[in-house]
Every structure is written in C-alpha cells, then in structure tokens.
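Novice: I'd like to ask some things about the structure below.
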Amino acid sequence: HLVAQHMSNQDLSEQITHVIRSLKSSGVFAIQFAYPLNGKIDILNEDELHIKSGAVVRTMDMFKEMVLKAGGEIVWSQVLGRFPKYGSGWYGVQIQRAQSRNK
C-alpha cells in the first residue's frame with residue numbers, strides 16, 4: 001500500500017514480474033499507483049527527490065505496458081482518489097497472470 005510511487009519504473013517492473021510469476025493460476029495481485037491528473041509525465045519523474053517523496057507517477061498506459069511485459073493482465077481498475085492540489089490521483093488495479101499462461 002502506497003509503495004509504488006516510491007519506486008523507479010525499473011524497480012517496479014522487476015517486482016511486478018516476480019509477483020506475477022509467483023501467482024497461482026487463479027491468484028490476484030492488488031496494487032495502487034499514482035497517476036498524473038493532466039496525463040503528462042515529467043521527464044525528471046524518477047529522480048531521487050521524486051522517489052523519496054513518493055511523487056513518481058505513471059499513466060495507466062505505462063502501467064499496463066509494465067504488466068503486459070511481466071506476463072500479466074489488469075483484470076480490474078478504478079480511480080481511488082484524485083488530489084488536484086498535488087496534480088495526481090491513485091488508481092487501484094488487480095492483476096492476474098495473462099490467460100495464455102494459465103493453460
């Protein structure tokens with residue numbers, strides 16, 4: 001809970017890969033991540049200051065790509081909160097192994 005925004009894209013991708021690989025065929029991994037309300041990512045989004053302060057944001061497309069590359073698929077997603085003061089919000093997602101891996 002509230003960890004993904006403190007991780008670089010590389011670190012989060014690696015963790016998602018390990019979690020998906022560890023899931024049972026019917027298992028579900030739930031995670032939340034921060035997204036930018038304006039849909040744009042700051043080039044310096046993954047610098048030390050952003051990581052320490054929990055300000056690493058990702059678009060849903062970026063997150064879906066991470067999950068797909070890791071062999072998973074998003075089976076549910078929902079906006080959990082919007083914080084205009086900070087220009088970001090939270091998505092909650094549930095991930096399972098991609099169906100082709102379940103067979």
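By order of appearance in the structure tokens: chains A, B, ..., then residues from 1 within every chain, and ligands from 1 in the order shown.
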Neighbours of Ala30 (chain A) within 12 Å (only C-alpha atoms; same-chain residues fewer than 6 positions away dropped), as a ChimeraX atom specification?
Specialist: /A:1-2,4,16,19-20,23,73-78,91-96
Novice: So that I have them on file, write out the residues from the current selection with C-alpha atoms, as an mmCIF file, in the first residue's frame.
Specialist:
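Below is the file again_11.cif, written as the result:
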```cif
data_model
loop_
_atom_site.group_PDB
_atom_site.id
_atom_site.type_symbol
_atom_site.label_atom_id
_atom_site.label_comp_id
_atom_site.auth_asym_id
_atom_site.auth_seq_id
_atom_site.Cartn_x
_atom_site.Cartn_y
_atom_site.Cartn_z
ATOM 1 C CA HIS A 1 0.000 0.000 0.000
ATOM 2 C CA LEU A 2 1.372 3.405 -1.033
ATOM 3 C CA ALA A 4 4.686 2.116 -5.996
ATOM 4 C CA ILE A 16 5.625 -6.975 -10.798
ATOM 5 C CA VAL A 19 4.858 -11.297 -8.191
ATOM 6 C CA ILE A 20 3.085 -12.410 -11.382
ATOM 7 C CA LEU A 23 0.827 -16.160 -8.511
ATOM 8 C CA GLU A 73 -3.062 -8.564 -17.363
ATOM 9 C CA ILE A 74 -5.090 -5.996 -15.491
ATOM 10 C CA VAL A 75 -8.474 -7.520 -14.677
ATOM 11 C CA TRP A 76 -9.890 -4.583 -12.702
ATOM 12 C CA SER A 77 -9.008 -0.931 -12.244
ATOM 13 C CA GLN A 78 -10.614 2.048 -10.577
ATOM 14 C CA TYR A 91 -5.513 4.017 -9.375
ATOM 15 C CA GLY A 92 -6.243 0.689 -7.756
ATOM 16 C CA VAL A 93 -5.655 -2.309 -10.014
ATOM 17 C CA GLN A 94 -5.904 -6.063 -9.790
ATOM 18 C CA ILE A 95 -3.534 -8.167 -11.854
ATOM 19 C CA GLN A 96 -3.586 -11.827 -12.827
#
```
Novice: If DSSP is run on the backbone, what residues of chain A are strand (DSSP E or B)? A reply as a PyMOL selection string would be ideal.
Specialist: chain A and resi 29-36+72-83+88-97
Novice: Mind writing the picked residues with N, CA and C atoms as a compact mmCIF listing (two decimals), in the first residue's frame?
Specialist:
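Written out: result-v6.txt:
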```txt
# COMPACT_ATOMS: atom_id res chain seq x y z
N PHE A 29 -3.18 -10.14 -7.77
CA PHE A 29 -2.27 -9.20 -7.12
C PHE A 29 -2.93 -7.83 -7.16
N ALA A 30 -3.13 -7.21 -6.01
CA ALA A 30 -3.74 -5.88 -5.94
C ALA A 30 -2.65 -4.86 -5.62
N ILE A 31 -2.69 -3.74 -6.32
CA ILE A 31 -1.69 -2.70 -6.13
C ILE A 31 -2.33 -1.36 -6.45
N GLN A 32 -1.78 -0.32 -5.90
CA GLN A 32 -2.23 1.03 -6.20
C GLN A 32 -1.03 1.81 -6.70
N PHE A 33 -1.26 2.75 -7.63
CA PHE A 33 -0.17 3.59 -8.10
C PHE A 33 -0.70 5.00 -8.36
N ALA A 34 0.21 5.95 -8.30
CA ALA A 34 -0.14 7.35 -8.53
C ALA A 34 -0.10 7.67 -10.02
N TYR A 35 -1.04 8.51 -10.45
CA TYR A 35 -1.08 8.92 -11.86
C TYR A 35 -1.23 10.45 -11.92
N PRO A 36 -0.75 11.05 -13.01
CA PRO A 36 -0.86 12.50 -13.16
C PRO A 36 -2.25 12.88 -13.66
N GLY A 72 1.43 -10.47 -17.29
CA GLY A 72 0.15 -10.36 -16.60
C GLY A 72 -0.86 -9.55 -17.39
N GLU A 73 -2.02 -9.41 -16.79
CA GLU A 73 -3.06 -8.56 -17.36
C GLU A 73 -3.84 -7.92 -16.23
N ILE A 74 -4.28 -6.71 -16.47
CA ILE A 74 -5.09 -6.00 -15.49
C ILE A 74 -6.52 -6.47 -15.67
N VAL A 75 -7.11 -6.99 -14.60
CA VAL A 75 -8.47 -7.52 -14.68
C VAL A 75 -9.49 -6.59 -14.03
N TRP A 76 -9.01 -5.58 -13.33
CA TRP A 76 -9.89 -4.58 -12.70
C TRP A 76 -9.06 -3.34 -12.43
N SER A 77 -9.67 -2.18 -12.62
CA SER A 77 -9.01 -0.93 -12.24
C SER A 77 -10.07 0.10 -11.89
N GLN A 78 -9.69 1.00 -11.00
CA GLN A 78 -10.61 2.05 -10.58
C GLN A 78 -9.80 3.20 -10.00
N VAL A 79 -10.26 4.42 -10.26
CA VAL A 79 -9.65 5.58 -9.62
C VAL A 79 -10.08 5.55 -8.16
N LEU A 80 -9.10 5.57 -7.27
CA LEU A 80 -9.38 5.52 -5.84
C LEU A 80 -9.41 6.90 -5.19
N GLY A 81 -8.79 7.85 -5.85
CA GLY A 81 -8.75 9.20 -5.31
C GLY A 81 -8.14 10.16 -6.30
N ARG A 82 -8.54 11.42 -6.17
CA ARG A 82 -7.99 12.50 -7.00
C ARG A 82 -7.56 13.61 -6.05
N PHE A 83 -6.37 14.13 -6.30
CA PHE A 83 -5.82 15.14 -5.41
C PHE A 83 -5.33 16.34 -6.24
N SER A 88 -2.25 14.92 -8.88
CA SER A 88 -2.19 13.47 -9.08
C SER A 88 -3.39 12.78 -8.44
N GLY A 89 -3.48 11.52 -8.73
CA GLY A 89 -4.53 10.68 -8.14
C GLY A 89 -4.00 9.28 -7.97
N TRP A 90 -4.84 8.37 -7.52
CA TRP A 90 -4.46 6.97 -7.32
C TRP A 90 -5.39 6.07 -8.11
N TYR A 91 -4.78 5.12 -8.76
CA TYR A 91 -5.51 4.02 -9.38
C TYR A 91 -5.32 2.80 -8.49
N GLY A 92 -6.35 2.02 -8.34
CA GLY A 92 -6.24 0.69 -7.76
C GLY A 92 -6.39 -0.29 -8.90
N VAL A 93 -5.56 -1.31 -8.95
CA VAL A 93 -5.66 -2.31 -10.01
C VAL A 93 -5.51 -3.71 -9.42
N GLN A 94 -6.09 -4.66 -10.11
CA GLN A 94 -5.90 -6.06 -9.79
C GLN A 94 -5.32 -6.73 -11.02
N ILE A 95 -4.30 -7.54 -10.78
CA ILE A 95 -3.53 -8.17 -11.85
C ILE A 95 -3.58 -9.68 -11.68
N GLN A 96 -3.71 -10.37 -12.81
CA GLN A 96 -3.59 -11.83 -12.83
C GLN A 96 -2.59 -12.20 -13.91
N ARG A 97 -2.16 -13.45 -13.89
CA ARG A 97 -1.33 -13.94 -14.99
C ARG A 97 -2.14 -13.81 -16.26
```
Novice: Where does DSSP see helix (DSSP H, G or I) in region 7-93 of chain A, if you list the residues as a PyMOL selection string?
Specialist: chain A and resi 9-22+48-53+60-69
Novice: Nearest residue to Gln10 (chain A) out of A:Glu46, A:Ser22, A:Lys52, A:Met60, using only C-alpha atoms?
Specialist: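 Ranking A:Glu46, A:Ser22, A:Lys52, A:Met60 by distance to Gln10 (chain A), first place goes to A:Glu46.
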Novice: Taking into account only C-alpha atoms, which residue in the set A:Val56, A:Leu37, A:Val28, A:Met62 is nearest to Ser8 (chain A)?
Specialist: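 Of A:Val56, A:Leu37, A:Val28, A:Met62, the one nearest Ser8 (chain A), counting only C-alpha atoms, is A:Val56.
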Novice: Please identify all polymer residues within 9 Å of region 38-41 of chain A, counting only C-alpha atoms, omitting same-chain residues fewer than 2 positions from it, and present them as a ChimeraX atom specification.
Specialist: /A:35-36,43-45,57-59,87-88
Novice: When you draw a straight line from CA of His18 (chain A) to CA of His50 (chain A), how long is it in Å?
Specialist: 24.2 Å
